[in-house]
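Asks: Before we start, here is the structure in question, set down as structure tokens.
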Amino acid sequence: MTQRGIAGPVCNLKFVTLLVALSSELLFLGAGVQLQDNGYNGLLIAINPQVPENQNLISNIKEMITEASFYLFNATKRRVFFRDIKILIPATWKANNYSKIKQESYEKANVIVTDWHGAHGDDPYTLQYRGCGKGGKYIHFTPNFLLNDNLTAGYGSRALSSTGRVFVHEWAHLRWGVFDEYNNDKPFYINGRNQIKVTRCSSDITGIFVCEKGPCPQENCIISKLFKEGCTFIYNSTQNATASIMFMQSLSSVVEFCNASTHNQEAPNLQNRMCSLRSAWDVITDSADFHHSFPMNGTELPPPPTFSLVQAGDKVVCLVLDVSSKMAEADRLLLLQQAAEFYLMQIVEIHTFVGIASFDSKGEVRAQLHQINSNDDRKLLVSYLPTTVSAKTEVSICSGLKKGFEVVEKLNGKAYGTVMVLVTSGDDKLIGNCLPTVLSSGSTIHSIALGSSAAPNLEELSRLTGGLKFFVPDISNSNSMIDAFSRISSGTGDVFQQRIQLESTGENVKPHHQLKNTVTVDSTVGNDTIFLVTWQTSGPPEIMLFDPDGRKYYTDNFITNLTFRTASLWIPGTAKPGHWTYTLNNTHHSLQALKVAVTSRASNSAVPPATVEAFVERDSLHFPQPVMIYANVRQGFYPILNATVTATVEPETGDPVTLRLLDDGAGNIQMNAPRKSVGRNGEEQKWGFSRVSSGGSFSVLGVPAGPHPDIFPPCKIIDLEAVNVEEELTLSWTAPGEDFDQGQATSYEIRMSKSLENIQDDFNNAILVNTSKRNPQQAGIREIFTFSPQISTNGPEHQPNGETHESHRIYVAIRAMDRNSLKSAISNIAQASLFTPPNSDPVPARDYLILKGVLTAMGLIGIICLIIVVTHHTLNRKKRADKKENGTKLL
């Protein structure tokens, strides 16, 4: 990468997803929310267009947020509440009492309301993809959860109040990056005193152990160190504990988050694992929200939230295209023509109003709004695309946007809810002059910058309006321009109507050589499938396409545009699932770039297609901050695990960089995602799938011009687990890399202690485990290490609180080092018991008292029943004896 003035290098990010092994287990801080004067403004809740119209849903959302606001205010010690809420109503709903949207869209929502597309319950959840203290992507509710009192009743004593409490629980995930304090997979654990404990926070929450047939002592739930199936712990409905909202907010007494005095550090839950044993309240109070807000004075509650109901009107798009002389360089105009034609003919949805404006130093309207109702409408709009560039080198982006606003405002008098697709290669230092106009317009600006000379402040237009931003490098075989246009959709959230990109590839092909490849069409897509071929010089290549059954398509079957050098083939009906093979033969006399893009739509309105969403954690960083790259691969809302995901980063200069993205625990990723899914159908498992998505652009500031020293350590290990078998301890974890999750670390440092606090606070002085014979593997590979923990050689270990006792609980942590001795952060702390607790060990004190009372009562009842039975039996015998004696006398 090279320096780009003060802006630094800009990179384009493209994701290619190819499924190689479909598992039966399936797998963003919301924009726009601002905290002002203790109140959150701009919270956006969006209802998916697939949800049937139901006014009760709106009413219940309002009541949930209102209740949540008061509950949140008290839980945060009078710190924050919800003030201004927007609910995005689907365009499919017919009621007309809604305001028109400005820059709101489904894809920008903090909370989404949509069905699961599968029978897996209606539990709310928050998609978290980053580490502790970092916000999530969105909160997900199903309509059924919000409408069905029988479902919400399970979250508390009253339906409406319980949903408000649930919302606060999820809001803490989304806004502050805290994690759940329960663990359904590990509901019990053994503490440092060899006592059975319930995974809970706080430990003051009471209840009783229950076996298959009723209450039981906890030792009945243990078989050779394992908890017996069918055993559980039932929490008392009446509690005195006030914490914690991240554990069980449905309990009426729970009104706060666990803090340093109530947090249970030993519990094997995600909060302890991800946040290094810190309490939820500690993480929350360390957030930016709490750094800039203070408790409100007085005793009054805040005002209830205000709600705005907004709805999208007609879809209106204007292409604002640069035609300055800069566009003549590096085939930029040709790339624009090819991508814009592709967008107009294939991507933009039917019934959308589309206009075109162009600009150099001045703006010009090329096409007034046309509504797309047929293929002829699309072709007409393509005819208005620019075919030449001007002689002027100066560009005025503001002049182009001004003409774009003129075009879109002719429909309804305002630009509210409209979209501008701004494409430029020029540097315009006067963009700031029209920022106020852009912000007040209510339009969303998607920007596409071509080449390194494009305005570095161009992306500010997109950032401030919630638009996407892309960078297209001057690389002849790059398909980035088409990928960018393919990524721009209506933003309605209706995945069944959106076009999905299956393929994007390009090569510089020598004369009489071929570009040959295969693209997979899986069973979830196939409708309206388009193969697009583009080339660089005059005359199309020789094209051959084979479907999975061997049917052949040739160049003559494609619709060719010689002016824009494109050829497209539409597959009628539903494309055959399987591998489609294409061959492009360069018949030209010189080397040229040949490229292919394939798109399709969902094949079944009841089965959501597999999708990939690509993004970076931050789009502007300063060296040496690392660039965190993510891909969300899913079908509907179910994550797809074990897919091969590749990110291609295209810098301004130099060769593209390819990275393998992992979903196996490396790189500090821990998803708080939906529950696991059942297996997929056989056909999809057979063929797999392929997807492509542009991740937009990002810039890195202050990168040194020359070589720089190694400053990136291995990433933190967050999935360390410990299991003891007889006298040995087996550790497992995912190998980190040399630099974060890339490459191969050099060595491991494993330490252990009998004291959780010792290993947490003083890792360097904990007992060192000999790992001299253990060399790290490549990043992403599962590591297994077994050793004999000789830890009790000097008697009981000193406890930080002054107490001493013989502990057979062991705590282990690990960190990795690279070849330059850079060390990772210390891992999560794993724990294990070195022997099975005897059955005579006491039950936890509070649980024991409750259990003892229950068992004593049962015992008394049993004794009374026994007395009754014995007495009854004795009396019966006596009566029979008396009768017999009387009978004898009579005889």
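Ordering of the structure tokens sets the chain letters (A, B, ...), residue numbers begin anew at 1 in every chain, and ligands are numbered from 1 in the order given.
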Excluding Tyr125 in chain A and residues on its chain fewer than 4 positions from it, collect all residues at most 12 Å away from it, counting only C-alpha atoms, and give them as a ChimeraX atom specification.
Replies: /A:111-113,116,121,136-142,145,166-174,179-180,637,671-675
Asks: Emit the selected residues as a compact mmCIF listing (two decimals), in the first residue's frame, including C-alpha atoms.
Replies:
# COMPACT_ATOMS: atom_id res chain seq x y z
CA VAL A 111 -34.08 -3.70 15.79
CA ILE A 112 -35.68 -5.93 13.16
CA VAL A 113 -39.01 -7.71 13.40
CA TRP A 116 -37.40 -17.11 11.52
CA GLY A 121 -38.85 -20.95 18.44
CA GLY A 136 -23.65 -5.68 18.09
CA LYS A 137 -25.35 -5.60 14.68
CA TYR A 138 -29.07 -5.72 15.49
CA ILE A 139 -31.72 -7.10 17.85
CA HIS A 140 -34.12 -9.62 16.33
CA PHE A 141 -37.72 -10.17 17.45
CA THR A 142 -40.28 -12.37 15.75
CA PHE A 145 -43.06 -13.18 20.21
CA VAL A 166 -36.26 -8.55 27.56
CA PHE A 167 -35.60 -5.50 25.41
CA VAL A 168 -33.26 -4.03 28.04
CA HIS A 169 -31.41 -7.36 28.20
CA GLU A 170 -30.95 -7.30 24.41
CA TRP A 171 -30.13 -3.57 24.38
CA ALA A 172 -27.20 -4.25 26.72
CA HIS A 173 -25.89 -6.75 24.16
CA LEU A 174 -26.38 -4.35 21.26
CA PHE A 179 -22.81 -11.11 27.16
CA ASP A 180 -25.20 -13.64 28.70
CA PHE A 637 -31.21 -15.87 9.92
CA MET A 671 -21.23 -15.01 17.98
CA ASN A 672 -24.21 -14.42 20.20
CA ALA A 673 -26.35 -15.76 17.41
CA PRO A 674 -29.56 -17.74 16.89
CA ARG A 675 -29.92 -21.28 18.09
Asks: Applying 7 Å and only C-alpha atoms, which residues near range 458-473 of chain A remain after dropping the ones on its own chain fewer than 2 positions away? List them as a PyMOL selection string.
Replies: chain A and resi 11-12+103+439+444-451+455-456+475+480-481+484+652+696-697
Asks: Output the selection as a PDB file, in the first residue's frame - N, CA, C and O atoms for each residue.
Replies:
ATOM      1  N   CYS A  11      -8.716   0.948   0.156  1.00  0.00           N
ATOM      2  CA  CYS A  11      -8.793  -0.416  -0.351  1.00  0.00           C
ATOM      3  C   CYS A  11     -10.230  -0.789  -0.657  1.00  0.00           C
ATOM      4  O   CYS A  11     -11.153  -0.348   0.013  1.00  0.00           O
ATOM      5  N   ASN A  12     -10.400  -1.597  -1.659  1.00  0.00           N
ATOM      6  CA  ASN A  12     -11.694  -2.196  -1.948  1.00  0.00           C
ATOM      7  C   ASN A  12     -11.707  -3.588  -1.338  1.00  0.00           C
ATOM      8  O   ASN A  12     -10.712  -4.292  -1.343  1.00  0.00           O
ATOM      9  N   GLN A 103     -33.868   8.999   5.333  1.00  0.00           N
ATOM     10  CA  GLN A 103     -32.740   8.114   5.032  1.00  0.00           C
ATOM     11  C   GLN A 103     -32.848   6.780   5.776  1.00  0.00           C
ATOM     12  O   GLN A 103     -31.885   6.024   5.846  1.00  0.00           O
ATOM     13  N   LEU A 439     -27.479  16.774   3.595  1.00  0.00           N
ATOM     14  CA  LEU A 439     -28.033  16.266   4.843  1.00  0.00           C
ATOM     15  C   LEU A 439     -29.515  16.584   4.988  1.00  0.00           C
ATOM     16  O   LEU A 439     -30.289  15.774   5.493  1.00  0.00           O
ATOM     17  N   THR A 444     -30.210   9.338   0.329  1.00  0.00           N
ATOM     18  CA  THR A 444     -29.058   8.507   0.680  1.00  0.00           C
ATOM     19  C   THR A 444     -28.075   8.498  -0.485  1.00  0.00           C
ATOM     20  O   THR A 444     -28.473   8.242  -1.622  1.00  0.00           O
ATOM     21  N   ILE A 445     -26.797   8.767  -0.194  1.00  0.00           N
ATOM     22  CA  ILE A 445     -25.774   8.844  -1.240  1.00  0.00           C
ATOM     23  C   ILE A 445     -24.888   7.613  -1.167  1.00  0.00           C
ATOM     24  O   ILE A 445     -24.179   7.398  -0.179  1.00  0.00           O
ATOM     25  N   HIS A 446     -24.918   6.785  -2.210  1.00  0.00           N
ATOM     26  CA  HIS A 446     -23.940   5.705  -2.378  1.00  0.00           C
ATOM     27  C   HIS A 446     -22.834   6.231  -3.287  1.00  0.00           C
ATOM     28  O   HIS A 446     -23.117   6.707  -4.393  1.00  0.00           O
ATOM     29  N   SER A 447     -21.584   6.170  -2.835  1.00  0.00           N
ATOM     30  CA  SER A 447     -20.477   6.736  -3.607  1.00  0.00           C
ATOM     31  C   SER A 447     -19.546   5.650  -4.123  1.00  0.00           C
ATOM     32  O   SER A 447     -19.241   4.691  -3.409  1.00  0.00           O
ATOM     33  N   ILE A 448     -19.091   5.815  -5.361  1.00  0.00           N
ATOM     34  CA  ILE A 448     -18.133   4.903  -5.983  1.00  0.00           C
ATOM     35  C   ILE A 448     -16.971   5.751  -6.498  1.00  0.00           C
ATOM     36  O   ILE A 448     -17.147   6.570  -7.406  1.00  0.00           O
ATOM     37  N   ALA A 449     -15.800   5.577  -5.884  1.00  0.00           N
ATOM     38  CA  ALA A 449     -14.614   6.345  -6.253  1.00  0.00           C
ATOM     39  C   ALA A 449     -13.741   5.519  -7.188  1.00  0.00           C
ATOM     40  O   ALA A 449     -13.393   4.376  -6.873  1.00  0.00           O
ATOM     41  N   LEU A 450     -13.380   6.094  -8.329  1.00  0.00           N
ATOM     42  CA  LEU A 450     -12.558   5.398  -9.317  1.00  0.00           C
ATOM     43  C   LEU A 450     -11.140   5.947  -9.280  1.00  0.00           C
ATOM     44  O   LEU A 450     -10.922   7.150  -9.482  1.00  0.00           O
ATOM     45  N   GLY A 451     -10.163   5.076  -9.031  1.00  0.00           N
ATOM     46  CA  GLY A 451      -8.767   5.485  -9.078  1.00  0.00           C
ATOM     47  C   GLY A 451      -8.329   6.279  -7.864  1.00  0.00           C
ATOM     48  O   GLY A 451      -9.130   6.766  -7.068  1.00  0.00           O
ATOM     49  N   ALA A 455     -11.801  12.132  -4.950  1.00  0.00           N
ATOM     50  CA  ALA A 455     -11.841  12.996  -3.767  1.00  0.00           C
ATOM     51  C   ALA A 455     -11.802  12.178  -2.481  1.00  0.00           C
ATOM     52  O   ALA A 455     -12.658  11.315  -2.273  1.00  0.00           O
ATOM     53  N   PRO A 456     -10.804  12.433  -1.607  1.00  0.00           N
ATOM     54  CA  PRO A 456     -10.718  11.666  -0.359  1.00  0.00           C
ATOM     55  C   PRO A 456     -11.887  11.919   0.584  1.00  0.00           C
ATOM     56  O   PRO A 456     -12.192  11.091   1.432  1.00  0.00           O
ATOM     57  N   ILE A 475      -7.250  -1.418 -11.934  1.00  0.00           N
ATOM     58  CA  ILE A 475      -6.722  -2.752 -12.230  1.00  0.00           C
ATOM     59  C   ILE A 475      -7.586  -3.338 -13.336  1.00  0.00           C
ATOM     60  O   ILE A 475      -8.801  -3.479 -13.174  1.00  0.00           O
ATOM     61  N   SER A 480     -14.520  -4.871  -9.670  1.00  0.00           N
ATOM     62  CA  SER A 480     -15.008  -4.129  -8.507  1.00  0.00           C
ATOM     63  C   SER A 480     -16.156  -3.190  -8.845  1.00  0.00           C
ATOM     64  O   SER A 480     -17.032  -2.953  -8.001  1.00  0.00           O
ATOM     65  N   MET A 481     -16.177  -2.625 -10.044  1.00  0.00           N
ATOM     66  CA  MET A 481     -17.259  -1.698 -10.398  1.00  0.00           C
ATOM     67  C   MET A 481     -18.598  -2.434 -10.476  1.00  0.00           C
ATOM     68  O   MET A 481     -19.605  -1.966  -9.923  1.00  0.00           O
ATOM     69  N   ALA A 484     -19.725  -3.401  -7.024  1.00  0.00           N
ATOM     70  CA  ALA A 484     -20.284  -2.273  -6.270  1.00  0.00           C
ATOM     71  C   ALA A 484     -21.740  -2.038  -6.658  1.00  0.00           C
ATOM     72  O   ALA A 484     -22.613  -1.908  -5.790  1.00  0.00           O
ATOM     73  N   GLU A 652      -4.868   0.597  -3.549  1.00  0.00           N
ATOM     74  CA  GLU A 652      -4.731   1.557  -4.638  1.00  0.00           C
ATOM     75  C   GLU A 652      -3.669   1.122  -5.629  1.00  0.00           C
ATOM     76  O   GLU A 652      -3.835   1.244  -6.837  1.00  0.00           O
ATOM     77  N   GLY A 696     -17.304  -2.870   0.317  1.00  0.00           N
ATOM     78  CA  GLY A 696     -17.082  -1.434   0.327  1.00  0.00           C
ATOM     79  C   GLY A 696     -15.614  -1.093   0.455  1.00  0.00           C
ATOM     80  O   GLY A 696     -14.730  -1.917   0.190  1.00  0.00           O
ATOM     81  N   SER A 697     -15.321   0.126   0.853  1.00  0.00           N
ATOM     82  CA  SER A 697     -13.943   0.605   0.933  1.00  0.00           C
ATOM     83  C   SER A 697     -13.593   0.988   2.353  1.00  0.00           C
ATOM     84  O   SER A 697     -14.464   1.245   3.175  1.00  0.00           O
TER      85      SER A 697
END
Asks: Looking at only C-alpha atoms, which of A:Ala597, A:Trp570, A:Asn184, A:Tyr343 is the one that sits closest to Phe485 in chain A?
Replies: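 Result for the nearest residue to Phe485 in chain A: A:Tyr343.
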Asks: If you run DSSP on this backbone, which residues of range 125-200 of chain A come out as alpha helix (DSSP H), and could you give them as a list in words?
Replies: Pro143, Asn144, Phe145, Leu146, Leu147, Asp149, Asn150, Leu151, Thr152, Ala159, Leu160, Ser161, Ser162, Thr163, Gly164, Arg165, Val166, Phe167, Val168, His169, Glu170 and Trp171 of chain A
Asks: Pick from A:Leu309, A:Met274, A:Cys231, A:Met544: nearest to Ala95 in chain A, with only C-alpha atoms counted?
Replies: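 Comparing A:Leu309, A:Met274, A:Cys231, A:Met544 against Ala95 in chain A, the winner is A:Leu309.
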Asks: Using only C-alpha atoms, I'd like a table of the residues in range 369-391 of chain A that come within 12 Å of range 409-419 of chain A; for each, show the closest atom pair and its distance in Å rounded to one decimal, ordered by chain and ascending number, as a tab-separated table.
Replies:
residue	atom	partner	partner_atom	distance
A:Leu369	CA	A:Leu411	CA	7.9
A:His370	CA	A:Leu411	CA	10.3
A:Gln371	CA	A:Leu411	CA	10.8
Asks: May I have the residues within 8 Å of Val633 in chain A as a PDB file with N, CA, C and O atoms, in the first residue's frame, using only C-alpha atoms and disregarding those fewer than 2 positions away in the same chain?
Replies:
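Writing the result to result_21.pdb gives the following:
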ATOM      1  N   ALA A 610     -29.287 -18.571   0.606  1.00  0.00           N
ATOM      2  CA  ALA A 610     -28.054 -18.305   1.340  1.00  0.00           C
ATOM      3  C   ALA A 610     -27.485 -16.975   0.868  1.00  0.00           C
ATOM      4  O   ALA A 610     -27.516 -16.652  -0.320  1.00  0.00           O
ATOM      5  N   THR A 611     -26.983 -16.183   1.816  1.00  0.00           N
ATOM      6  CA  THR A 611     -26.444 -14.863   1.495  1.00  0.00           C
ATOM      7  C   THR A 611     -25.133 -14.651   2.224  1.00  0.00           C
ATOM      8  O   THR A 611     -24.832 -15.324   3.222  1.00  0.00           O
ATOM      9  N   VAL A 612     -24.330 -13.696   1.743  1.00  0.00           N
ATOM     10  CA  VAL A 612     -23.129 -13.270   2.442  1.00  0.00           C
ATOM     11  C   VAL A 612     -23.128 -11.747   2.496  1.00  0.00           C
ATOM     12  O   VAL A 612     -23.423 -11.079   1.507  1.00  0.00           O
ATOM     13  N   GLU A 613     -22.861 -11.223   3.686  1.00  0.00           N
ATOM     14  CA  GLU A 613     -22.726  -9.783   3.875  1.00  0.00           C
ATOM     15  C   GLU A 613     -21.305  -9.507   4.326  1.00  0.00           C
ATOM     16  O   GLU A 613     -20.815 -10.119   5.273  1.00  0.00           O
ATOM     17  N   ALA A 631     -17.487 -11.380   7.655  1.00  0.00           N
ATOM     18  CA  ALA A 631     -18.485 -11.837   6.691  1.00  0.00           C
ATOM     19  C   ALA A 631     -19.591 -12.542   7.460  1.00  0.00           C
ATOM     20  O   ALA A 631     -19.323 -13.373   8.332  1.00  0.00           O
ATOM     21  N   GLN A 635     -28.337 -18.459   5.979  1.00  0.00           N
ATOM     22  CA  GLN A 635     -29.535 -18.730   5.191  1.00  0.00           C
ATOM     23  C   GLN A 635     -30.716 -18.278   6.023  1.00  0.00           C
ATOM     24  O   GLN A 635     -30.996 -18.822   7.085  1.00  0.00           O
ATOM     25  N   PRO A 639     -26.983 -18.927  10.842  1.00  0.00           N
ATOM     26  CA  PRO A 639     -25.591 -18.890  10.377  1.00  0.00           C
ATOM     27  C   PRO A 639     -25.198 -20.208   9.740  1.00  0.00           C
ATOM     28  O   PRO A 639     -25.636 -21.282  10.164  1.00  0.00           O
ATOM     29  N   ILE A 640     -24.384 -20.122   8.711  1.00  0.00           N
ATOM     30  CA  ILE A 640     -23.869 -21.310   8.039  1.00  0.00           C
ATOM     31  C   ILE A 640     -22.411 -21.468   8.446  1.00  0.00           C
ATOM     32  O   ILE A 640     -21.578 -20.607   8.171  1.00  0.00           O
ATOM     33  N   LEU A 641     -22.116 -22.557   9.118  1.00  0.00           N
ATOM     34  CA  LEU A 641     -20.765 -22.804   9.596  1.00  0.00           C
ATOM     35  C   LEU A 641     -19.973 -23.608   8.586  1.00  0.00           C
ATOM     36  O   LEU A 641     -20.521 -24.258   7.694  1.00  0.00           O
TER      37      LEU A 641
END
Asks: If we count only C-alpha atoms, what is near Phe233 in chain A at a cut-off of 9 Å, once residues fewer than 5 positions away on the same chain are taken out, given as a list in words?
Replies: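 Near Phe233 in chain A, the qualifying residues are Pro187, Phe188, Val198, Gly207, Ile208, Phe209, Val210 and Cys211 of chain A.
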Asks: Just C-alpha atoms for this one: save the residues we selected as a PDB file, in the first residue's frame.
Replies:
ATOM      1  CA  PRO A 187     -25.961 -25.196  33.834  1.00  0.00           C
ATOM      2  CA  PHE A 188     -23.807 -26.478  36.751  1.00  0.00           C
ATOM      3  CA  VAL A 198     -25.481 -23.294  39.456  1.00  0.00           C
ATOM      4  CA  GLY A 207     -33.871 -22.335  43.980  1.00  0.00           C
ATOM      5  CA  ILE A 208     -33.856 -26.124  44.338  1.00  0.00           C
ATOM      6  CA  PHE A 209     -32.332 -29.073  42.493  1.00  0.00           C
ATOM      7  CA  VAL A 210     -34.890 -31.239  40.730  1.00  0.00           C
ATOM      8  CA  CYS A 211     -34.340 -34.751  39.401  1.00  0.00           C
TER       9      CYS A 211
END
Asks: List as a list of chain:residue names the protein and nucleic acid residues near range 237-249 of chain A, meaning an atom at most 6 Å away when only C-alpha atoms are counted, but skip any in the same chain fewer than 4 places from it.
Replies: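 In the requested format, the answer is A:His169, A:Asp180, A:Glu181, A:Tyr182, A:Cys201, A:Ser202, A:Asp204, A:Ile205, A:Ser253, A:Val254, A:Val255, A:Glu256, A:Phe257, A:Cys258.
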Asks: Using only C-alpha atoms, which protein or nucleic acid residues come within 7 Å of Ile372 in chain A? Drop anything in the same chain fewer than 4 positions from it, and give the result as a CSV table (one decimal) with N, CA, C and O atoms, in the first residue's frame.
Replies:
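Once everything was written out, this is result39.csv:
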chain,number,residue,atom,x,y,z
A,350,ILE,N,-38.1,-3.8,-10.4
A,350,ILE,CA,-39.2,-3.3,-11.2
A,350,ILE,C,-40.0,-2.3,-10.4
A,350,ILE,O,-40.1,-2.3,-9.2
A,351,HIS,N,-40.6,-1.4,-11.2
A,351,HIS,CA,-41.5,-0.3,-10.6
A,351,HIS,C,-40.7,0.9,-10.0
A,351,HIS,O,-41.3,1.8,-9.5
A,352,THR,N,-39.3,0.8,-10.0
A,352,THR,CA,-38.5,1.9,-9.5
A,352,THR,C,-38.4,3.0,-10.5
A,352,THR,O,-38.4,2.8,-11.8
A,353,PHE,N,-38.5,4.2,-10.0
A,353,PHE,CA,-38.2,5.4,-10.9
A,353,PHE,C,-36.8,5.7,-10.9
A,353,PHE,O,-36.1,5.8,-9.9
A,377,ASP,N,-38.3,-0.3,-20.9
A,377,ASP,CA,-37.9,0.8,-20.1
A,377,ASP,C,-36.5,0.8,-19.6
A,377,ASP,O,-35.8,1.8,-19.6
A,378,ARG,N,-36.0,-0.4,-19.4
A,378,ARG,CA,-34.6,-0.5,-19.0
A,378,ARG,C,-33.7,-0.2,-20.1
A,378,ARG,O,-32.7,0.6,-19.9
Asks: Write out as a list in words the residues lying within 9 Å of Lys77 in chain A, counting only C-alpha atoms and excluding same-chain residues fewer than 2 positions away.
Replies: Leu72, Phe73, Asn74, Ala75, Arg79, Val80, Glu256, Pro295 and Met296 of chain A
Asks: For the strand (DSSP E or B) assignment from backbone DSSP, which residues of range 33-234 of chain A qualify? Please present them as a ChimeraX atom specification.
Replies: /A:34-36,39-47,81-89,99-100,111-113,125-126,139-141,188-190,196-198,207-211,214-215,222-223,226-227,232-234
Asks: A:Val525, A:Leu562, A:Ala745, A:Val596: which is nearest Gly539 in chain A, counting only C-alpha atoms?
Replies: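 Closest candidate: A:Leu562.
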Asks: When you count only C-alpha atoms, which of these residues is closest to Gln497 in chain A: A:Glu364, A:Asp619, A:Glu349, A:Asp719?
Replies: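 Closest to Gln497 in chain A, using only C-alpha atoms: A:Glu349.
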Asks: I need the residue nearest Ser453 in chain A from this list: A:Thr505, A:Glu394, A:Glu738, A:Val703. Use only C-alpha atoms for the distance.
Replies: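 Nearest candidate to Ser453 in chain A out of A:Thr505, A:Glu394, A:Glu738, A:Val703: A:Glu394.
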Asks: As an exercise, work out the distance from CA of Val438 in chain A to CA of Asn48 in chain A in Å and give it to one decimal place.
Replies: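 Distance reported for this atom pair: 27.6 Å.
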